[in-house]
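Printed here is input12.txt (compact mmCIF, C-alpha atoms and all ligand atoms):
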```txt
# COMPACT_ATOMS: atom_id res chain seq x y z
CA MET A 209 75.01 191.24 151.41
CA LYS A 210 76.50 188.32 149.50
CA ASN A 211 74.44 185.12 149.86
CA LYS A 212 72.28 186.57 152.63
CA VAL A 213 68.65 185.53 152.20
CA PHE A 214 66.03 188.30 152.19
CA LEU A 215 62.29 187.82 152.22
CA ILE A 216 60.44 190.75 150.65
CA LEU A 217 56.80 190.75 151.75
CA GLY A 218 54.97 192.35 148.82
CA GLY A 219 57.99 191.54 146.68
CA THR A 220 55.74 191.33 143.62
CA GLY A 221 54.52 194.89 144.15
CA SER A 222 55.95 198.08 142.73
CA VAL A 223 58.08 199.13 145.72
CA GLY A 224 58.88 195.53 146.73
CA SER A 225 60.16 194.70 143.22
CA ALA A 226 62.52 197.68 143.23
CA ILE A 227 63.84 196.69 146.67
CA GLY A 228 64.26 193.06 145.55
CA ASP A 229 66.16 194.14 142.44
CA ILE A 230 68.63 196.43 144.23
CA VAL A 231 69.34 193.92 147.01
CA GLU A 232 69.76 191.11 144.46
CA LYS A 233 72.30 193.21 142.50
CA GLU A 234 74.44 193.29 145.65
CA GLY A 235 74.58 189.48 145.71
CA ALA A 236 71.75 188.73 148.14
CA ILE A 237 69.29 185.88 147.57
CA VAL A 238 65.81 187.36 147.31
CA CYS A 239 62.56 185.53 148.08
CA ARG A 240 59.73 187.55 146.55
CA HIS A 241 56.42 187.08 148.31
CA GLY A 242 53.11 188.13 146.75
CA PHE A 243 49.42 187.81 147.52
CA ASP A 244 48.63 185.83 144.38
CA ALA A 245 51.95 185.83 142.54
CA GLY A 246 55.67 185.47 143.10
CA ASP A 247 57.89 182.54 144.06
CA TYR A 248 56.50 182.68 147.56
CA GLN A 249 52.74 183.20 147.26
CA ALA A 250 50.69 183.59 150.48
CA ASP A 251 47.62 185.41 151.73
CA LEU A 252 49.19 186.58 154.97
CA SER A 253 45.90 187.86 156.37
CA LYS A 254 45.06 184.16 156.99
CA ASP A 255 46.22 182.19 160.04
CA GLY A 256 48.98 179.67 159.41
CA GLU A 257 50.15 181.15 156.08
CA ALA A 258 53.17 182.98 157.54
CA LYS A 259 54.45 179.82 159.25
CA LYS A 260 54.19 177.87 155.97
CA LEU A 261 55.97 180.68 154.10
CA ILE A 262 58.93 180.77 156.51
CA GLU A 263 59.16 176.95 156.58
CA LYS A 264 59.34 176.91 152.77
CA ILE A 265 62.10 179.54 152.70
CA ILE A 266 64.17 177.69 155.31
CA LYS A 267 63.65 174.41 153.39
CA ASP A 268 64.61 176.03 150.04
CA ARG A 269 67.42 178.32 151.20
CA GLY A 270 68.56 176.93 154.56
CA HIS A 271 68.64 180.30 156.34
CA LEU A 272 67.05 183.76 156.44
CA GLU A 273 68.80 187.02 157.33
CA GLY A 274 66.32 189.73 156.40
CA ILE A 275 62.62 190.58 156.21
CA ILE A 276 61.41 193.68 154.39
CA ASN A 277 57.69 194.35 154.77
CA SER A 278 56.34 196.17 151.71
CA ILE A 279 52.76 194.92 151.63
CA SER A 280 49.45 196.68 151.72
CA ALA A 281 45.89 195.88 150.75
CA PRO A 282 44.63 198.23 148.01
CA VAL A 283 43.49 201.62 149.33
CA LYS A 284 39.85 202.70 149.23
CA ILE A 285 39.51 206.48 149.23
CA ALA A 286 36.34 207.33 151.13
CA PRO A 287 35.27 209.48 154.09
CA LEU A 288 35.11 207.83 157.51
CA GLU A 289 31.31 207.47 157.44
CA LYS A 290 31.62 205.34 154.30
CA LYS A 291 34.14 202.95 155.91
CA THR A 292 33.35 199.92 158.04
CA TRP A 293 35.31 198.00 160.68
CA GLN A 294 35.94 195.41 157.94
CA ASP A 295 37.94 198.04 156.00
CA PHE A 296 40.09 198.71 159.07
CA GLU A 297 40.42 194.99 159.78
CA LYS A 298 41.53 194.33 156.19
CA HIS A 299 44.39 196.84 156.45
CA LEU A 300 45.36 195.72 159.94
CA SER A 301 45.33 192.06 158.96
CA VAL A 302 47.36 192.56 155.78
CA GLN A 303 49.93 194.97 157.21
CA LEU A 304 50.13 194.33 160.94
CA LYS A 305 49.08 190.69 161.31
CA ALA A 306 51.24 189.70 158.33
CA GLY A 307 54.28 191.38 159.88
CA VAL A 308 53.66 189.95 163.34
CA ASP A 309 53.08 186.39 162.10
CA VAL A 310 56.04 186.39 159.71
CA ILE A 311 58.48 187.79 162.27
CA LEU A 312 57.31 185.40 165.01
CA SER A 313 57.74 182.46 162.62
CA ALA A 314 61.21 183.66 161.56
CA LEU A 315 62.48 184.41 165.07
CA PRO A 316 64.05 180.99 165.81
CA SER A 317 66.20 181.36 162.68
CA PHE A 318 66.91 185.07 163.24
CA LYS A 319 67.98 184.50 166.84
CA LYS A 320 70.75 182.14 165.66
CA GLN A 321 72.59 184.63 163.46
CA GLY A 322 70.91 188.04 163.86
CA GLY A 323 69.22 189.78 160.98
CA ASP A 324 67.52 192.84 159.52
CA ILE A 325 63.87 193.90 159.63
CA ILE A 326 62.73 196.92 157.60
CA ASN A 327 59.10 198.04 157.53
CA ILE A 328 57.86 200.27 154.72
CA LEU A 329 55.44 202.78 156.24
CA THR A 330 54.29 206.13 154.81
CA ASN A 331 55.22 209.76 155.44
CA TYR A 332 51.65 210.15 156.80
CA VAL A 333 52.98 208.71 160.08
CA VAL A 334 55.09 211.82 160.65
CA GLY A 335 52.78 214.59 159.48
CA ASP A 336 49.08 215.25 159.16
CA PRO A 337 47.53 212.41 157.18
CA PRO A 338 45.12 213.26 154.35
CA ALA A 339 41.38 212.69 154.78
CA SER A 340 39.61 209.58 153.47
CA LEU A 341 42.42 207.09 154.18
CA SER A 342 41.58 206.37 157.85
CA ASP A 343 41.84 202.56 157.61
CA TYR A 344 45.18 202.64 155.76
CA VAL A 345 46.69 205.35 157.98
CA THR A 346 45.55 203.62 161.19
CA ALA A 347 47.21 200.38 160.11
CA LYS A 348 50.45 202.22 159.28
CA TYR A 349 50.53 203.79 162.75
CA ALA A 350 50.01 200.31 164.19
CA VAL A 351 52.96 199.02 162.16
CA LEU A 352 55.04 202.00 163.38
CA GLY A 353 54.25 201.01 166.99
CA PHE A 354 55.14 197.40 166.23
CA THR A 355 58.41 198.52 164.61
CA LYS A 356 59.41 200.52 167.69
CA SER A 357 58.60 197.54 169.91
CA LEU A 358 60.67 195.20 167.73
CA LEU A 359 63.63 197.53 168.10
CA ARG A 360 63.44 197.30 171.90
CA ASP A 361 62.64 193.57 172.09
CA LEU A 362 64.96 192.11 169.47
CA GLY A 363 68.15 194.19 169.67
CA LYS A 364 69.66 191.74 172.16
CA TYR A 365 69.62 189.07 169.43
CA GLN A 366 71.60 191.36 167.06
CA ILE A 367 68.47 191.94 165.01
CA ARG A 368 68.51 195.41 163.41
CA VAL A 369 65.16 197.17 162.94
CA ASN A 370 64.46 200.19 160.72
CA ALA A 371 61.57 201.87 158.92
CA VAL A 372 61.33 203.71 155.60
CA SER A 373 58.44 206.12 155.05
CA PRO A 374 57.96 207.33 151.48
CA SER A 375 55.64 210.09 150.32
CA PHE A 376 53.18 209.54 147.46
CA ILE A 377 54.51 207.44 144.54
CA ARG A 378 52.67 207.32 141.20
CA ASN A 379 52.12 203.61 140.51
CA GLN A 380 49.41 200.93 140.37
CA PHE A 381 48.80 201.29 144.13
CA THR A 382 47.79 204.95 143.70
CA LYS A 383 45.87 204.50 140.43
CA ASP A 384 42.61 205.84 141.95
CA ILE A 385 44.21 209.13 142.89
CA PRO A 386 43.66 211.57 139.97
CA GLU A 387 46.84 212.26 138.00
CA LYS A 388 46.10 215.97 138.02
CA LEU A 389 47.20 215.93 141.69
CA ASP A 390 50.74 214.87 140.77
CA GLU A 391 51.91 218.40 139.96
CA LEU A 392 50.48 219.76 143.21
CA LEU A 393 52.04 216.97 145.31
CA ALA A 394 55.39 217.37 143.53
CA ALA A 395 55.34 221.12 144.19
CA GLN A 396 54.73 220.47 147.92
CA SER A 397 57.72 218.12 148.13
CA SER A 398 61.18 219.31 149.04
CA LEU A 399 62.78 218.69 145.64
CA GLY A 400 59.71 219.51 143.55
CA ARG A 401 59.19 215.96 142.32
CA LEU A 402 57.37 212.83 143.37
CA THR A 403 59.12 210.06 145.27
CA THR A 404 60.07 207.04 143.14
CA VAL A 405 60.37 203.35 143.96
CA GLU A 406 64.11 203.70 143.27
CA ASP A 407 64.37 206.32 146.06
CA VAL A 408 62.84 203.81 148.47
CA ALA A 409 65.02 200.92 147.28
CA LYS A 410 68.21 203.01 147.66
CA ALA A 411 67.27 203.97 151.23
CA VAL A 412 66.68 200.31 152.12
CA LEU A 413 70.01 199.25 150.62
CA ASP A 414 71.82 202.04 152.46
CA LEU A 415 70.38 200.92 155.81
CA LEU A 416 71.36 197.31 155.14
CA GLN A 417 74.87 198.10 153.94
CA LYS A 418 75.66 200.43 156.83
CA GLY A 419 74.27 197.97 159.41
CA GLU A 420 71.98 200.66 160.80
CA THR A 421 69.35 200.07 163.46
CA GLY A 422 66.68 202.30 165.03
CA LYS A 423 66.48 204.60 162.00
CA HIS A 424 63.32 205.99 160.46
CA ILE A 425 64.01 207.30 156.96
CA ILE A 426 61.43 209.70 155.57
CA ILE A 427 61.61 210.17 151.82
CA ASP A 428 59.82 213.12 150.35
CA GLY A 429 60.32 213.76 146.66
CA GLY A 430 63.92 212.57 146.77
CA TYR A 431 64.68 214.54 149.93
CA VAL A 432 65.71 212.21 152.74
CA GLU A 433 65.28 212.98 156.42
CA ILE A 434 66.61 210.59 159.05
CA ASN A 435 64.89 210.33 162.43
CA SER A 436 65.21 207.80 165.23
CA LEU A 437 62.53 205.19 165.74
N1 LIG B 1 52.60 203.79 146.27
C1 LIG B 1 52.66 204.75 147.17
O1 LIG B 1 52.31 205.93 146.92
C2 LIG B 1 53.20 204.47 148.55
C3 LIG B 1 53.58 205.56 149.35
C4 LIG B 1 54.03 205.30 150.64
C5 LIG B 1 54.11 204.01 151.12
N2 LIG B 1 53.72 202.96 150.31
C6 LIG B 1 53.81 201.62 150.88
O2 LIG B 1 54.72 200.85 150.12
C7 LIG B 1 54.36 199.46 150.21
C8 LIG B 1 54.27 198.88 148.81
O3 LIG B 1 53.32 199.60 148.06
P1 LIG B 1 53.29 199.51 146.45
O4 LIG B 1 53.11 200.89 145.97
O5 LIG B 1 54.44 198.69 145.98
O6 LIG B 1 51.91 198.72 146.25
P2 LIG B 1 51.60 197.41 145.37
O7 LIG B 1 52.36 197.48 144.10
O8 LIG B 1 50.12 197.32 145.32
O9 LIG B 1 52.18 196.22 146.27
C9 LIG B 1 51.43 195.67 147.35
C10 LIG B 1 51.94 194.28 147.65
O10 LIG B 1 51.16 193.75 148.74
C11 LIG B 1 50.74 192.42 148.38
N3 LIG B 1 49.47 192.08 149.09
C12 LIG B 1 48.27 192.67 149.01
N4 LIG B 1 47.37 192.02 149.78
C13 LIG B 1 48.00 190.98 150.38
C14 LIG B 1 47.63 189.91 151.28
N5 LIG B 1 46.38 189.74 151.74
N6 LIG B 1 48.58 189.02 151.67
C15 LIG B 1 49.81 189.14 151.21
N7 LIG B 1 50.24 190.12 150.35
C16 LIG B 1 49.35 191.03 149.94
C17 LIG B 1 50.59 192.48 146.88
O11 LIG B 1 50.63 191.14 146.31
P3 LIG B 1 50.11 190.88 144.77
O12 LIG B 1 51.06 191.64 143.87
O13 LIG B 1 50.21 189.42 144.56
O14 LIG B 1 48.70 191.43 144.76
C18 LIG B 1 51.81 193.31 146.48
O15 LIG B 1 52.96 192.50 146.41
C19 LIG B 1 53.02 199.39 150.97
O16 LIG B 1 53.29 199.10 152.33
C20 LIG B 1 52.50 200.83 150.85
O17 LIG B 1 51.68 201.18 151.92
C21 LIG B 1 53.29 203.16 149.04
```
What is this structure when it is put down as structure tokens?
Ligand SMILES: NC(=O)c1ccc[n+]([C@@H]2O[C@H](COP(=O)([O-])OP(=O)(O)OC[C@H]3O[C@@H](n4cnc5c(N)ncnc54)[C@H](OP(=O)(O)O)[C@@H]3O)[C@@H](O)[C@H]2O)c1
Amino acid sequence: MKNKVFLILGGTGSVGSAIGDIVEKEGAIVCRHGFDAGDYQADLSKDGEAKKLIEKIIKDRGHLEGIINSISAPVKIAPLEKKTWQDFEKHLSVQLKAGVDVILSALPSFKKQGGDIINILTNYVVGDPPASLSDYVTAKYAVLGFTKSLLRDLGKYQIRVNAVSPSFIRNQFTKDIPEKLDELLAAQSSLGRLTTVEDVAKAVLDLLQKGETGKHIIIDGGYVEINSL
């Protein structure tokens, strides 16, 4: 990990910060991207922003070996009939477009020395998703499809691709979900507790340190299941 440069998309967020911290402790250089904060600020739903972001990292750091995508627009909990195409577009443009644009911009550098791509999804992509999150869940499935395609298309350049799918985490992102649900969700999880950002960060570090590719790690209340992408 030493001196490898990692870009964390959503590196100012709750999960992204934990990933940045654990990777940094292992000697990596971490570029923390945020929507309106962080060393590398960019609204990645806009055209041209990803290219500028990657150019700045290459100018500042000289190289880039890893991209971890931990971004999402805030979730709006509402039944399908209360959503609009704009809600879907918002999630697709923040999660999918951001990932596509950033990876395409980073490819020339990645192709030279290989690299790691890890997308943070959600455990809803492996089970039945809950109601009232159709825009968010649809975008996550799109990012899962993109992740599988990256694995097939980029392996020949020694680019490793993995995904990590956590279950519900109590943090700012889930502030609109009533806290009284925590006990119920914890009881449904394998270890009887909620997933934490540290669980996610440890899974990411493990993938990077072992040089894994094609793995889909599902984290449910501390319990870790490993599938293939
Ligand atoms: N929390 C959970 O229960 C949970 C469970 C499963 C999966 N996840 C996934 O984990 C990832 C991180 O979630 P989190 O809990 O850490 O949420 P968070 O704290 O709200 O972090 C979201 C990040 O996305 C960035 N962002 C939002 N809109 C953006 C835009 N238009 N352009 C660029 N960046 C934008 C935010 O930047 P600013 O900080 O500058 O606004 C922030 O860094 C997401 O992919 C989420 O879907 C979360």
Per residue of chain A within 7 Å of ligand LIG 1 (chain B), which atom pair is closest and at what distance in Å (one decimal), using all atoms listed in the file, listed by chain and increasing number, as JSON lines?
```
{"residue": "A:Leu217", "atom": "CA", "partner": "B:LIG1", "partner_atom": "N7", "distance": 6.7}
{"residue": "A:Gly218", "atom": "CA", "partner": "B:LIG1", "partner_atom": "O15", "distance": 3.1}
{"residue": "A:Gly219", "atom": "CA", "partner": "B:LIG1", "partner_atom": "O15", "distance": 5.1}
{"residue": "A:Thr220", "atom": "CA", "partner": "B:LIG1", "partner_atom": "O15", "distance": 4.1}
{"residue": "A:Gly221", "atom": "CA", "partner": "B:LIG1", "partner_atom": "O7", "distance": 3.4}
{"residue": "A:Ser222", "atom": "CA", "partner": "B:LIG1", "partner_atom": "O5", "distance": 3.6}
{"residue": "A:Val223", "atom": "CA", "partner": "B:LIG1", "partner_atom": "O5", "distance": 3.7}
{"residue": "A:Gly224", "atom": "CA", "partner": "B:LIG1", "partner_atom": "O5", "distance": 5.5}
{"residue": "A:His241", "atom": "CA", "partner": "B:LIG1", "partner_atom": "O15", "distance": 6.7}
{"residue": "A:Gly242", "atom": "CA", "partner": "B:LIG1", "partner_atom": "O13", "distance": 3.9}
{"residue": "A:Phe243", "atom": "CA", "partner": "B:LIG1", "partner_atom": "O13", "distance": 3.5}
{"residue": "A:Asp244", "atom": "CA", "partner": "B:LIG1", "partner_atom": "O13", "distance": 3.9}
{"residue": "A:Ala245", "atom": "CA", "partner": "B:LIG1", "partner_atom": "O13", "distance": 4.5}
{"residue": "A:Gly246", "atom": "CA", "partner": "B:LIG1", "partner_atom": "O13", "distance": 6.9}
{"residue": "A:Ala250", "atom": "CA", "partner": "B:LIG1", "partner_atom": "C15", "distance": 5.7}
{"residue": "A:Asp251", "atom": "CA", "partner": "B:LIG1", "partner_atom": "N6", "distance": 3.7}
{"residue": "A:Leu252", "atom": "CA", "partner": "B:LIG1", "partner_atom": "N6", "distance": 4.1}
{"residue": "A:Ser253", "atom": "CA", "partner": "B:LIG1", "partner_atom": "N5", "distance": 5.0}
{"residue": "A:Asn277", "atom": "CA", "partner": "B:LIG1", "partner_atom": "O16", "distance": 6.9}
{"residue": "A:Ser278", "atom": "CA", "partner": "B:LIG1", "partner_atom": "C7", "distance": 4.1}
{"residue": "A:Ile279", "atom": "CA", "partner": "B:LIG1", "partner_atom": "O10", "distance": 3.5}
{"residue": "A:Ser280", "atom": "CA", "partner": "B:LIG1", "partner_atom": "O10", "distance": 4.5}
{"residue": "A:Ala281", "atom": "CA", "partner": "B:LIG1", "partner_atom": "N4", "distance": 4.2}
{"residue": "A:Pro282", "atom": "CA", "partner": "B:LIG1", "partner_atom": "O8", "distance": 6.2}
{"residue": "A:Val302", "atom": "CA", "partner": "B:LIG1", "partner_atom": "N5", "distance": 5.0}
{"residue": "A:Ile328", "atom": "CA", "partner": "B:LIG1", "partner_atom": "O16", "distance": 5.3}
{"residue": "A:Leu329", "atom": "CA", "partner": "B:LIG1", "partner_atom": "C5", "distance": 5.4}
{"residue": "A:Thr330", "atom": "CA", "partner": "B:LIG1", "partner_atom": "C5", "distance": 4.3}
{"residue": "A:Asn331", "atom": "CA", "partner": "B:LIG1", "partner_atom": "C4", "distance": 6.7}
{"residue": "A:Ser373", "atom": "CA", "partner": "B:LIG1", "partner_atom": "C5", "distance": 6.2}
{"residue": "A:Pro374", "atom": "CA", "partner": "B:LIG1", "partner_atom": "C4", "distance": 4.5}
{"residue": "A:Ser375", "atom": "CA", "partner": "B:LIG1", "partner_atom": "C4", "distance": 5.1}
{"residue": "A:Phe376", "atom": "CA", "partner": "B:LIG1", "partner_atom": "O1", "distance": 3.8}
{"residue": "A:Ile377", "atom": "CA", "partner": "B:LIG1", "partner_atom": "O1", "distance": 3.6}
{"residue": "A:Arg378", "atom": "CA", "partner": "B:LIG1", "partner_atom": "O1", "distance": 5.9}
{"residue": "A:Asn379", "atom": "CA", "partner": "B:LIG1", "partner_atom": "N1", "distance": 5.8}
{"residue": "A:Gln380", "atom": "CA", "partner": "B:LIG1", "partner_atom": "O7", "distance": 5.9}
{"residue": "A:Phe381", "atom": "CA", "partner": "B:LIG1", "partner_atom": "O8", "distance": 4.3}
{"residue": "A:Thr382", "atom": "CA", "partner": "B:LIG1", "partner_atom": "N1", "distance": 5.6}
```
Writer output for current selection, C-alpha atoms, as a compact mmCIF listing (two decimals), keeping the file's coordinate frame:
```
# COMPACT_ATOMS: atom_id res chain seq x y z
CA LEU A 217 56.80 190.75 151.75
CA GLY A 218 54.97 192.35 148.82
CA GLY A 219 57.99 191.54 146.68
CA THR A 220 55.74 191.33 143.62
CA GLY A 221 54.52 194.89 144.15
CA SER A 222 55.95 198.08 142.73
CA VAL A 223 58.08 199.13 145.72
CA GLY A 224 58.88 195.53 146.73
CA HIS A 241 56.42 187.08 148.31
CA GLY A 242 53.11 188.13 146.75
CA PHE A 243 49.42 187.81 147.52
CA ASP A 244 48.63 185.83 144.38
CA ALA A 245 51.95 185.83 142.54
CA GLY A 246 55.67 185.47 143.10
CA ALA A 250 50.69 183.59 150.48
CA ASP A 251 47.62 185.41 151.73
CA LEU A 252 49.19 186.58 154.97
CA SER A 253 45.90 187.86 156.37
CA ASN A 277 57.69 194.35 154.77
CA SER A 278 56.34 196.17 151.71
CA ILE A 279 52.76 194.92 151.63
CA SER A 280 49.45 196.68 151.72
CA ALA A 281 45.89 195.88 150.75
CA PRO A 282 44.63 198.23 148.01
CA VAL A 302 47.36 192.56 155.78
CA ILE A 328 57.86 200.27 154.72
CA LEU A 329 55.44 202.78 156.24
CA THR A 330 54.29 206.13 154.81
CA ASN A 331 55.22 209.76 155.44
CA SER A 373 58.44 206.12 155.05
CA PRO A 374 57.96 207.33 151.48
CA SER A 375 55.64 210.09 150.32
CA PHE A 376 53.18 209.54 147.46
CA ILE A 377 54.51 207.44 144.54
CA ARG A 378 52.67 207.32 141.20
CA ASN A 379 52.12 203.61 140.51
CA GLN A 380 49.41 200.93 140.37
CA PHE A 381 48.80 201.29 144.13
CA THR A 382 47.79 204.95 143.70
```
message = So that I can see what lies close to range 345-355 of chain A, please list as a list in words the residues with an atom at most 6 Å from it, counting only C-alpha atoms and leaving out residues fewer than 4 positions away in the same chain.
response =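 Here the answer would be His299, Leu300, Leu304, Leu329 and Leu341 of chain A.
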Residue neighbourhood Ile311 in chain A, 9 Å, only C-alpha atoms, exclusion window fewer than 5 positions, as an mmCIF file with C-alpha atoms, keeping the file's coordinate frame:
```
data_model
loop_
_atom_site.group_PDB
_atom_site.id
_atom_site.type_symbol
_atom_site.label_atom_id
_atom_site.label_comp_id
_atom_site.auth_asym_id
_atom_site.auth_seq_id
_atom_site.Cartn_x
_atom_site.Cartn_y
_atom_site.Cartn_z
ATOM 1 C CA ALA A 258 53.170 182.980 157.540
ATOM 2 C CA ILE A 275 62.620 190.580 156.210
ATOM 3 C CA ALA A 306 51.240 189.700 158.330
ATOM 4 C CA PHE A 318 66.910 185.070 163.240
ATOM 5 C CA ILE A 325 63.870 193.900 159.630
#
```
ask   = Which one is closest to Gly335 in chain A: A:Asp428, A:Ala236, A:Leu359, A:Val231? Count only C-alpha atoms.
value =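 The shortest atom-to-atom distance to Gly335 in chain A comes from A:Asp428.
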request  = Counting all atoms listed in the file, write as a VMD selection string all protein and nucleic acid residues lying at most 12 Å from (59.2, 186.9, 158.0) in the file's frame.
outcome  = chain A and resid 213 to 218 239 to 241 248 250 252 257 to 266 271 to 278 305 to 318 323 to 327
ask   = Smallest atom-to-atom distance to Val238 in chain A: which of A:Asn370, A:Gly256, A:Thr421, A:Asn211, using all atoms listed in the file?
value =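 Going through A:Asn370, A:Gly256, A:Thr421, A:Asn211 one by one, the smallest distance to Val238 in chain A is for A:Asn211.
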note = Atom pair CA of Gln396 in chain A + CA of Pro338 in chain A, distance 13.6 Å
query = When distances are computed from all atoms listed in the file, which of A:Ile425, A:Asp361, A:Gln321, A:Thr292 shows the smallest separation from Lys410 in chain A?
reply = A:Ile425
Could you get me a file of range 329-349 of chain A with C-alpha atoms, as a PDB file, in the first residue's frame, taken from the block above?
```pdb
ATOM      1  CA  LEU A 329     -22.974  -0.842  -3.289  1.00  0.00           C
ATOM      2  CA  THR A 330     -25.646  -2.013  -0.820  1.00  0.00           C
ATOM      3  CA  ASN A 331     -26.863  -5.412   0.371  1.00  0.00           C
ATOM      4  CA  TYR A 332     -30.165  -4.546  -1.380  1.00  0.00           C
ATOM      5  CA  VAL A 333     -28.490  -5.713  -4.612  1.00  0.00           C
ATOM      6  CA  VAL A 334     -28.424  -9.296  -3.350  1.00  0.00           C
ATOM      7  CA  GLY A 335     -31.781  -9.597  -1.604  1.00  0.00           C
ATOM      8  CA  ASP A 336     -35.223  -8.071  -1.792  1.00  0.00           C
ATOM      9  CA  PRO A 337     -34.869  -4.299  -1.588  1.00  0.00           C
ATOM     10  CA  PRO A 338     -37.159  -2.375   0.774  1.00  0.00           C
ATOM     11  CA  ALA A 339     -40.020  -0.292  -0.614  1.00  0.00           C
ATOM     12  CA  SER A 340     -39.750   3.472  -1.161  1.00  0.00           C
ATOM     13  CA  LEU A 341     -36.101   3.542  -2.287  1.00  0.00           C
ATOM     14  CA  SER A 342     -36.667   2.747  -5.993  1.00  0.00           C
ATOM     15  CA  ASP A 343     -34.387   5.499  -7.365  1.00  0.00           C
ATOM     16  CA  TYR A 344     -31.499   4.638  -5.021  1.00  0.00           C
ATOM     17  CA  VAL A 345     -31.828   0.868  -5.497  1.00  0.00           C
ATOM     18  CA  THR A 346     -32.076   1.181  -9.306  1.00  0.00           C
ATOM     19  CA  ALA A 347     -28.864   3.211  -9.403  1.00  0.00           C
ATOM     20  CA  LYS A 348     -27.075   0.636  -7.214  1.00  0.00           C
ATOM     21  CA  TYR A 349     -28.085  -2.180  -9.575  1.00  0.00           C
TER      22      TYR A 349
END
```
